[in-house]
Each structure stands twice: as C-alpha cells, then as structure tokens.
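Okay, coords-v1.tsv is below, TSV, C-alpha atoms:
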```tsv
chain	number	residue	atom	x	y	z
R	1	GLY	CA	86.63	58.19	29.71
R	2	ALA	CA	90.05	59.72	30.39
R	3	ASP	CA	89.86	61.62	27.12
R	4	ASP	CA	86.68	63.44	28.24
R	5	PRO	CA	87.48	67.19	27.91
R	6	LEU	CA	84.89	68.11	30.55
R	7	LYS	CA	86.45	65.73	33.12
R	8	GLN	CA	89.93	67.13	32.34
R	9	ALA	CA	88.67	70.69	32.75
R	10	GLU	CA	86.98	69.80	36.06
R	11	GLN	CA	90.20	68.18	37.37
R	12	LEU	CA	92.23	71.20	36.30
R	13	ALA	CA	89.72	73.53	37.93
R	14	ALA	CA	89.87	71.48	41.17
R	15	GLN	CA	93.71	71.63	41.15
R	16	HIS	CA	93.68	75.39	40.55
R	17	HIS	CA	91.10	75.89	43.30
R	18	ASP	CA	93.22	73.83	45.71
R	19	ALA	CA	96.36	75.82	44.81
R	20	TYR	CA	94.40	79.06	45.27
R	21	LEU	CA	93.19	78.02	48.74
R	22	ARG	CA	96.74	77.04	49.79
R	23	ALA	CA	98.16	80.35	48.49
R	24	LYS	CA	95.42	82.31	50.27
R	25	ALA	CA	96.08	80.49	53.57
R	26	GLU	CA	99.82	81.14	53.20
R	27	ALA	CA	99.21	84.85	52.50
R	28	ASP	CA	96.97	85.08	55.58
R	29	ASN	CA	99.67	83.45	57.71
R	30	VAL	CA	102.34	85.84	56.39
R	31	ARG	CA	100.07	88.82	57.13
R	32	LYS	CA	99.33	87.60	60.68
R	33	ARG	CA	103.04	86.95	61.35
R	34	ALA	CA	103.90	90.44	60.10
R	35	GLN	CA	101.30	92.00	62.42
R	36	VAL	CA	102.72	90.13	65.41
R	37	GLU	CA	106.29	91.13	64.47
R	38	VAL	CA	105.32	94.82	64.16
R	39	ALA	CA	103.49	94.71	67.52
R	40	ASN	CA	106.53	93.05	69.14
R	41	ALA	CA	108.92	95.57	67.58
R	42	HIS	CA	106.90	98.44	69.10
R	43	LYS	CA	106.58	96.71	72.45
R	44	PHE	CA	110.27	95.85	72.76
R	45	ALA	CA	111.45	99.25	71.51
R	46	VAL	CA	109.53	100.80	74.43
R	47	GLU	CA	110.93	98.13	76.74
R	48	ASN	CA	114.54	98.93	75.73
R	49	PHE	CA	113.91	102.67	76.09
R	50	THR	CA	112.41	102.07	79.55
R	51	ALA	CA	115.38	99.94	80.67
R	52	GLU	CA	117.78	102.72	79.66
R	53	LEU	CA	115.71	105.35	81.50
R	54	LEU	CA	115.74	103.26	84.71
R	55	ALA	CA	119.48	103.93	85.11
R	56	VAL	CA	118.76	107.67	84.91
R	57	LYS	CA	115.98	107.32	87.53
R	58	ASP	CA	118.30	105.31	89.83
R	59	ARG	CA	120.88	108.09	89.71
R	60	LEU	CA	118.25	110.77	90.43
R	61	GLU	CA	116.88	108.78	93.38
R	62	ALA	CA	120.35	108.37	94.87
R	63	ALA	CA	121.09	112.13	94.79
R	64	PRO	CA	118.79	113.46	97.58
R	65	VAL	CA	119.87	110.75	100.05
R	66	ALA	CA	123.63	111.13	99.39
R	67	GLU	CA	125.59	111.73	102.63
R	68	ASN	CA	127.70	114.89	102.88
R	69	ALA	CA	126.50	116.21	99.52
R	70	THR	CA	127.68	119.73	98.73
R	71	VAL	CA	126.04	122.13	96.31
R	72	ASP	CA	128.97	121.47	93.96
R	73	SER	CA	128.66	117.68	94.15
R	74	MET	CA	124.88	117.96	93.59
R	75	LYS	CA	125.46	120.25	90.60
R	76	ASN	CA	128.02	117.82	89.14
R	77	GLY	CA	125.64	114.92	89.75
R	78	VAL	CA	122.82	116.71	87.92
R	79	GLU	CA	125.13	117.51	84.96
R	80	LEU	CA	126.27	113.89	84.81
R	81	THR	CA	122.66	112.64	84.94
R	82	LEU	CA	121.63	115.08	82.20
R	83	ARG	CA	124.50	113.78	80.01
R	84	GLN	CA	123.33	110.23	80.71
R	85	LEU	CA	119.76	111.16	79.71
R	86	LYS	CA	121.01	112.88	76.53
R	87	SER	CA	122.88	109.72	75.55
R	88	VAL	CA	119.71	107.64	76.07
R	89	PHE	CA	117.86	110.13	73.83
R	90	GLU	CA	120.59	109.87	71.15
R	91	LYS	CA	120.46	106.08	71.25
R	92	PHE	CA	116.70	106.15	70.61
R	93	ASN	CA	116.75	109.00	68.06
R	94	VAL	CA	115.16	111.64	70.29
R	95	THR	CA	116.57	114.98	69.13
R	96	GLU	CA	116.20	118.50	70.43
R	97	ILE	CA	114.51	121.33	68.52
R	98	ASN	CA	116.25	124.52	69.67
R	99	PRO	CA	115.58	127.00	66.83
R	100	GLN	CA	117.12	130.18	68.30
R	101	GLY	CA	117.86	132.55	65.38
R	102	GLN	CA	116.32	130.24	62.78
R	103	LYS	CA	113.39	130.98	60.47
R	104	PHE	CA	110.03	130.12	62.08
R	105	ASP	CA	108.80	126.67	60.95
R	106	PRO	CA	105.13	125.99	61.80
R	107	HIS	CA	105.75	122.23	61.49
R	108	ARG	CA	108.36	122.24	64.26
R	109	HIS	CA	107.72	125.42	66.23
R	110	GLN	CA	104.72	126.88	68.03
R	111	ALA	CA	104.71	130.68	68.19
R	112	ILE	CA	103.47	132.05	71.52
R	113	GLY	CA	103.68	135.61	70.18
R	114	THR	CA	105.55	138.13	68.09
R	115	VAL	CA	107.95	140.76	69.35
R	116	ALA	CA	109.67	143.80	67.84
R	117	ALA	CA	113.31	142.77	67.45
R	118	ASP	CA	116.50	143.57	65.55
R	119	ALA	CA	116.10	140.41	63.53
R	120	GLU	CA	114.66	139.39	60.18
R	121	PRO	CA	110.86	139.20	60.35
R	122	ASN	CA	109.66	135.65	61.02
R	123	THR	CA	112.88	134.71	62.84
R	124	VAL	CA	112.79	132.90	66.19
R	125	VAL	CA	114.16	135.42	68.69
R	126	GLN	CA	113.45	133.48	71.90
R	127	VAL	CA	112.96	129.79	72.68
R	128	LEU	CA	110.71	129.49	75.75
R	129	GLN	CA	110.72	125.68	75.70
R	130	LYS	CA	112.76	123.36	73.50
R	131	GLY	CA	110.91	120.94	71.27
R	132	TYR	CA	111.72	117.31	70.52
R	133	LEU	CA	111.66	114.95	67.55
R	134	LEU	CA	111.43	111.15	67.70
R	135	HIS	CA	113.19	110.08	64.50
R	136	ASP	CA	111.63	112.68	62.16
R	137	ARG	CA	108.29	113.06	63.93
R	138	VAL	CA	107.63	116.07	66.16
R	139	VAL	CA	106.84	114.82	69.66
R	140	ARG	CA	106.66	118.36	71.02
R	141	PRO	CA	107.10	121.59	69.05
R	142	ALA	CA	109.44	124.27	70.41
R	143	LEU	CA	107.56	127.16	72.06
R	144	VAL	CA	108.96	130.36	70.59
R	145	MET	CA	108.69	134.13	70.25
R	146	VAL	CA	109.02	135.38	66.68
R	147	ALA	CA	110.27	138.70	65.28
R	148	LYS	CA	107.42	140.89	64.01
R	149	SER	CA	107.24	141.82	60.37
R	150	VAL	CA	108.25	145.43	59.69
R	151	GLU	CA	104.70	146.57	58.74
R	152	SER	CA	103.29	145.60	62.15
R	153	ARG	CA	105.95	147.54	64.11
R	154	ALA	CA	103.88	150.76	64.06
```

Write the structure described by the file as structure tokens, please.
Amino acid sequence: GADDPLKQAEQLAAQHHDAYLRAKAEADNVRKRAQVEVANAHKFAVENFTAELLAVKDRLEAAPVAENATVDSMKNGVELTLRQLKSVFEKFNVTEINPQGQKFDPHRHQAIGTVAADAEPNTVVQVLQKGYLLHDRVVRPALVMVAKSVESRA
C-alpha cells in the first residue's frame, strides 16, 4: 500500500526526474536568450557606429559641391570633419597607435625595416602608418621603421 518503500522510491524518482527536466528546459531557454542578446548587442553596436559615421559622410559629401569654397574653407572643413571622426572613434573606443620614439612592440607594431639612427636599438624611429585599437584589440598594427641594434651597424 502507501507504506510500500518501492512505490515511495518510484514516486520520489519521478518527482526528481520531472524537476530535472524542468531545470534542463529552463537552462536551455536561458542559454538561447543569452545567445540572442549577444547577437543583438553586436548588431546594434555596429548600427550605432554606422549612424555616427553617416554624419561624417554627409559632411564629406557636402564639401566638393559647396559654392564659393576657398582653399582655406576647404581646409577648415576637412579639419572639422577629422575632429568629428575622431570623436566618433573616441565614443566607440577606437584609439590610435602612434608609437614614435617608443620601444618596438610586436603585438602592436609591424616593422617594415630597420634603420641606423641616433636612437636606442629597437626604438620606433618612424611611423609610416598609424595603427588602431578597438577597445584593447589591435585592428591594425602601426607600420614602423625601427632603430638597428649597434652590432648590425657595420
């Protein structure tokens, strides 16, 4: 009857199995929701970045068709647009790698060659192209020339 230990164990096992299935379903739902949220976060981050860049593009498109533009007004317009672009970069954590005079860092810099220079060996003596970081990830390393070590200056 009700005192049957086997029946009690079977009921307990059924309850535990049911609880397990509910917990598993809940965990699956949480995982799926998290995946969707991460995908949306990436998508909308790019969308926000794009929206900010459109204002920069608008300004660049307006420049060539401006009436009575002088070299000075064009130059000022370009400087203003560059400042606008820099502020978009700041907002989205895009930072410049401009390692002039710094020690060569293979994680952030790409050496195009070495050159005899009045600088410590392994120092960046010329930046041919700035690099960029997105947050802390290198998007593009800086292209640099590096001071030769003393031994190789023969």

Exercise for the section: Please identify all polymer residues within 6 Å of Ala111 in chain R, counting all atoms listed in the file, omitting same-chain residues fewer than 3 positions from it, and present them as a list in words. Expected result: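 The filter keeps Leu143, Val144 and Met145 of chain R.
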
Practice task
Could you tell me how far CA of Pro141 in chain R lies from CA of Ser87 in chain R, in Å and to one decimal?
Solution key: 20.8 Å

Exercise for the section: Give me, please, the distance in Å between CA of Gln102 in chain R and CA of Asn122 in chain R, quoted to one decimal. Expected result: 8.8 Å

Centre, edges in Å (one decimal): axis-aligned box, range 135-142 of chain R, 4 Å padding on all six sides, as JSON:
```
{"center_x": 109.9, "center_y": 117.2, "center_z": 66.6, "size_x": 14.5, "size_y": 22.2, "size_z": 16.9}
```

Neighbours of range 44-55 of chain R within 8 Å (all atoms listed in the file; same-chain residues fewer than 3 positions away dropped), as an mmCIF file with C-alpha atoms, in the coordinates of the input?
```cif
data_model
loop_
_atom_site.group_PDB
_atom_site.id
_atom_site.type_symbol
_atom_site.label_atom_id
_atom_site.label_comp_id
_atom_site.auth_asym_id
_atom_site.auth_seq_id
_atom_site.Cartn_x
_atom_site.Cartn_y
_atom_site.Cartn_z
ATOM 1 C CA ASN R 40 106.530 93.050 69.140
ATOM 2 C CA ALA R 41 108.920 95.570 67.580
ATOM 3 C CA ASP R 58 118.300 105.310 89.830
ATOM 4 C CA ARG R 59 120.880 108.090 89.710
ATOM 5 C CA LEU R 85 119.760 111.160 79.710
ATOM 6 C CA VAL R 88 119.710 107.640 76.070
ATOM 7 C CA PHE R 92 116.700 106.150 70.610
#
```

Exercise for the section: Tell me, in Å to one decimal, how far CA of Val78 in chain R is from CA of Val65 in chain R. Expected result: 13.8 Å

Problem - Nearby residues (only C-alpha atoms) at most 12 Å from Lys75 in chain R, same-chain spacing under 5 positions excluded, as a PyMOL selection string - result: chain R and resi 60+63-64+69-70+80-82

Where atoms are absent from range 52-87 of chain R, fill them in so it carries N, CA and C atoms, then output it as a tab-separated table (two decimals), in the coordinates of the input.
```tsv
chain	number	residue	atom	x	y	z
R	52	GLU	N	116.74	101.70	79.66
R	52	GLU	CA	117.78	102.72	79.66
R	52	GLU	C	117.43	103.88	80.60
R	53	LEU	N	116.14	104.23	80.64
R	53	LEU	CA	115.71	105.35	81.50
R	53	LEU	C	115.79	104.98	82.98
R	54	LEU	N	115.68	103.69	83.31
R	54	LEU	CA	115.74	103.26	84.71
R	54	LEU	C	117.07	103.64	85.35
R	55	ALA	N	118.16	103.56	84.58
R	55	ALA	CA	119.48	103.93	85.11
R	55	ALA	C	119.51	105.42	85.46
R	56	VAL	N	118.83	106.23	84.64
R	56	VAL	CA	118.76	107.67	84.91
R	56	VAL	C	117.95	107.90	86.20
R	57	LYS	N	116.82	107.20	86.34
R	57	LYS	CA	115.98	107.32	87.53
R	57	LYS	C	116.75	106.89	88.78
R	58	ASP	N	117.50	105.78	88.70
R	58	ASP	CA	118.30	105.31	89.83
R	58	ASP	C	119.24	106.40	90.32
R	59	ARG	N	119.92	107.05	89.36
R	59	ARG	CA	120.88	108.09	89.71
R	59	ARG	C	120.17	109.28	90.37
R	60	LEU	N	119.00	109.65	89.84
R	60	LEU	CA	118.25	110.77	90.43
R	60	LEU	C	117.77	110.43	91.84
R	61	GLU	N	117.35	109.18	92.05
R	61	GLU	CA	116.88	108.78	93.38
R	61	GLU	C	118.01	108.76	94.40
R	62	ALA	N	119.22	108.45	93.95
R	62	ALA	CA	120.35	108.37	94.87
R	62	ALA	C	120.80	109.77	95.34
R	63	ALA	N	120.58	110.79	94.50
R	63	ALA	CA	121.09	112.13	94.79
R	63	ALA	C	120.59	112.73	96.11
R	64	PRO	N	119.27	112.79	96.35
R	64	PRO	CA	118.79	113.46	97.58
R	64	PRO	C	119.22	112.77	98.87
R	65	VAL	N	119.51	111.48	98.82
R	65	VAL	CA	119.87	110.75	100.05
R	65	VAL	C	121.38	110.61	100.23
R	66	ALA	N	122.16	111.23	99.31
R	66	ALA	CA	123.63	111.13	99.39
R	66	ALA	C	124.11	111.83	100.66
R	67	GLU	N	125.01	111.15	101.42
R	67	GLU	CA	125.59	111.73	102.63
R	67	GLU	C	126.59	112.82	102.24
R	68	ASN	N	126.70	113.84	103.05
R	68	ASN	CA	127.70	114.89	102.88
R	68	ASN	C	127.71	115.52	101.48
R	69	ALA	N	126.55	115.62	100.86
R	69	ALA	CA	126.50	116.21	99.52
R	69	ALA	C	126.65	117.72	99.62
R	70	THR	N	127.52	118.28	98.79
R	70	THR	CA	127.68	119.73	98.73
R	70	THR	C	126.89	120.24	97.53
R	71	VAL	N	126.72	121.55	97.47
R	71	VAL	CA	126.04	122.13	96.31
R	71	VAL	C	126.80	121.75	95.05
R	72	ASP	N	128.13	121.81	95.12
R	72	ASP	CA	128.97	121.47	93.96
R	72	ASP	C	128.79	120.01	93.53
R	73	SER	N	128.78	119.09	94.50
R	73	SER	CA	128.66	117.68	94.15
R	73	SER	C	127.27	117.41	93.58
R	74	MET	N	126.25	118.10	94.11
R	74	MET	CA	124.88	117.96	93.59
R	74	MET	C	124.83	118.46	92.15
R	75	LYS	N	125.45	119.64	91.93
R	75	LYS	CA	125.46	120.25	90.60
R	75	LYS	C	126.15	119.31	89.60
R	76	ASN	N	127.29	118.76	90.00
R	76	ASN	CA	128.02	117.82	89.14
R	76	ASN	C	127.18	116.58	88.85
R	77	GLY	N	126.49	116.10	89.90
R	77	GLY	CA	125.64	114.92	89.75
R	77	GLY	C	124.51	115.17	88.76
R	78	VAL	N	123.91	116.35	88.84
R	78	VAL	CA	122.82	116.71	87.92
R	78	VAL	C	123.35	116.78	86.49
R	79	GLU	N	124.53	117.41	86.30
R	79	GLU	CA	125.13	117.51	84.96
R	79	GLU	C	125.43	116.12	84.39
R	80	LEU	N	125.95	115.25	85.23
R	80	LEU	CA	126.27	113.89	84.81
R	80	LEU	C	124.99	113.13	84.41
R	81	THR	N	123.93	113.31	85.21
R	81	THR	CA	122.66	112.64	84.94
R	81	THR	C	122.04	113.17	83.65
R	82	LEU	N	122.15	114.48	83.43
R	82	LEU	CA	121.63	115.08	82.20
R	82	LEU	C	122.39	114.52	80.98
R	83	ARG	N	123.72	114.38	81.11
R	83	ARG	CA	124.50	113.78	80.01
R	83	ARG	C	124.06	112.35	79.75
R	84	GLN	N	123.80	111.61	80.83
R	84	GLN	CA	123.33	110.23	80.71
R	84	GLN	C	121.99	110.19	79.98
R	85	LEU	N	121.07	111.09	80.34
R	85	LEU	CA	119.76	111.16	79.71
R	85	LEU	C	119.90	111.52	78.23
R	86	LYS	N	120.78	112.49	77.93
R	86	LYS	CA	121.01	112.88	76.53
R	86	LYS	C	121.51	111.70	75.71
R	87	SER	N	122.36	110.87	76.30
R	87	SER	CA	122.88	109.72	75.55
R	87	SER	C	121.79	108.68	75.32
```
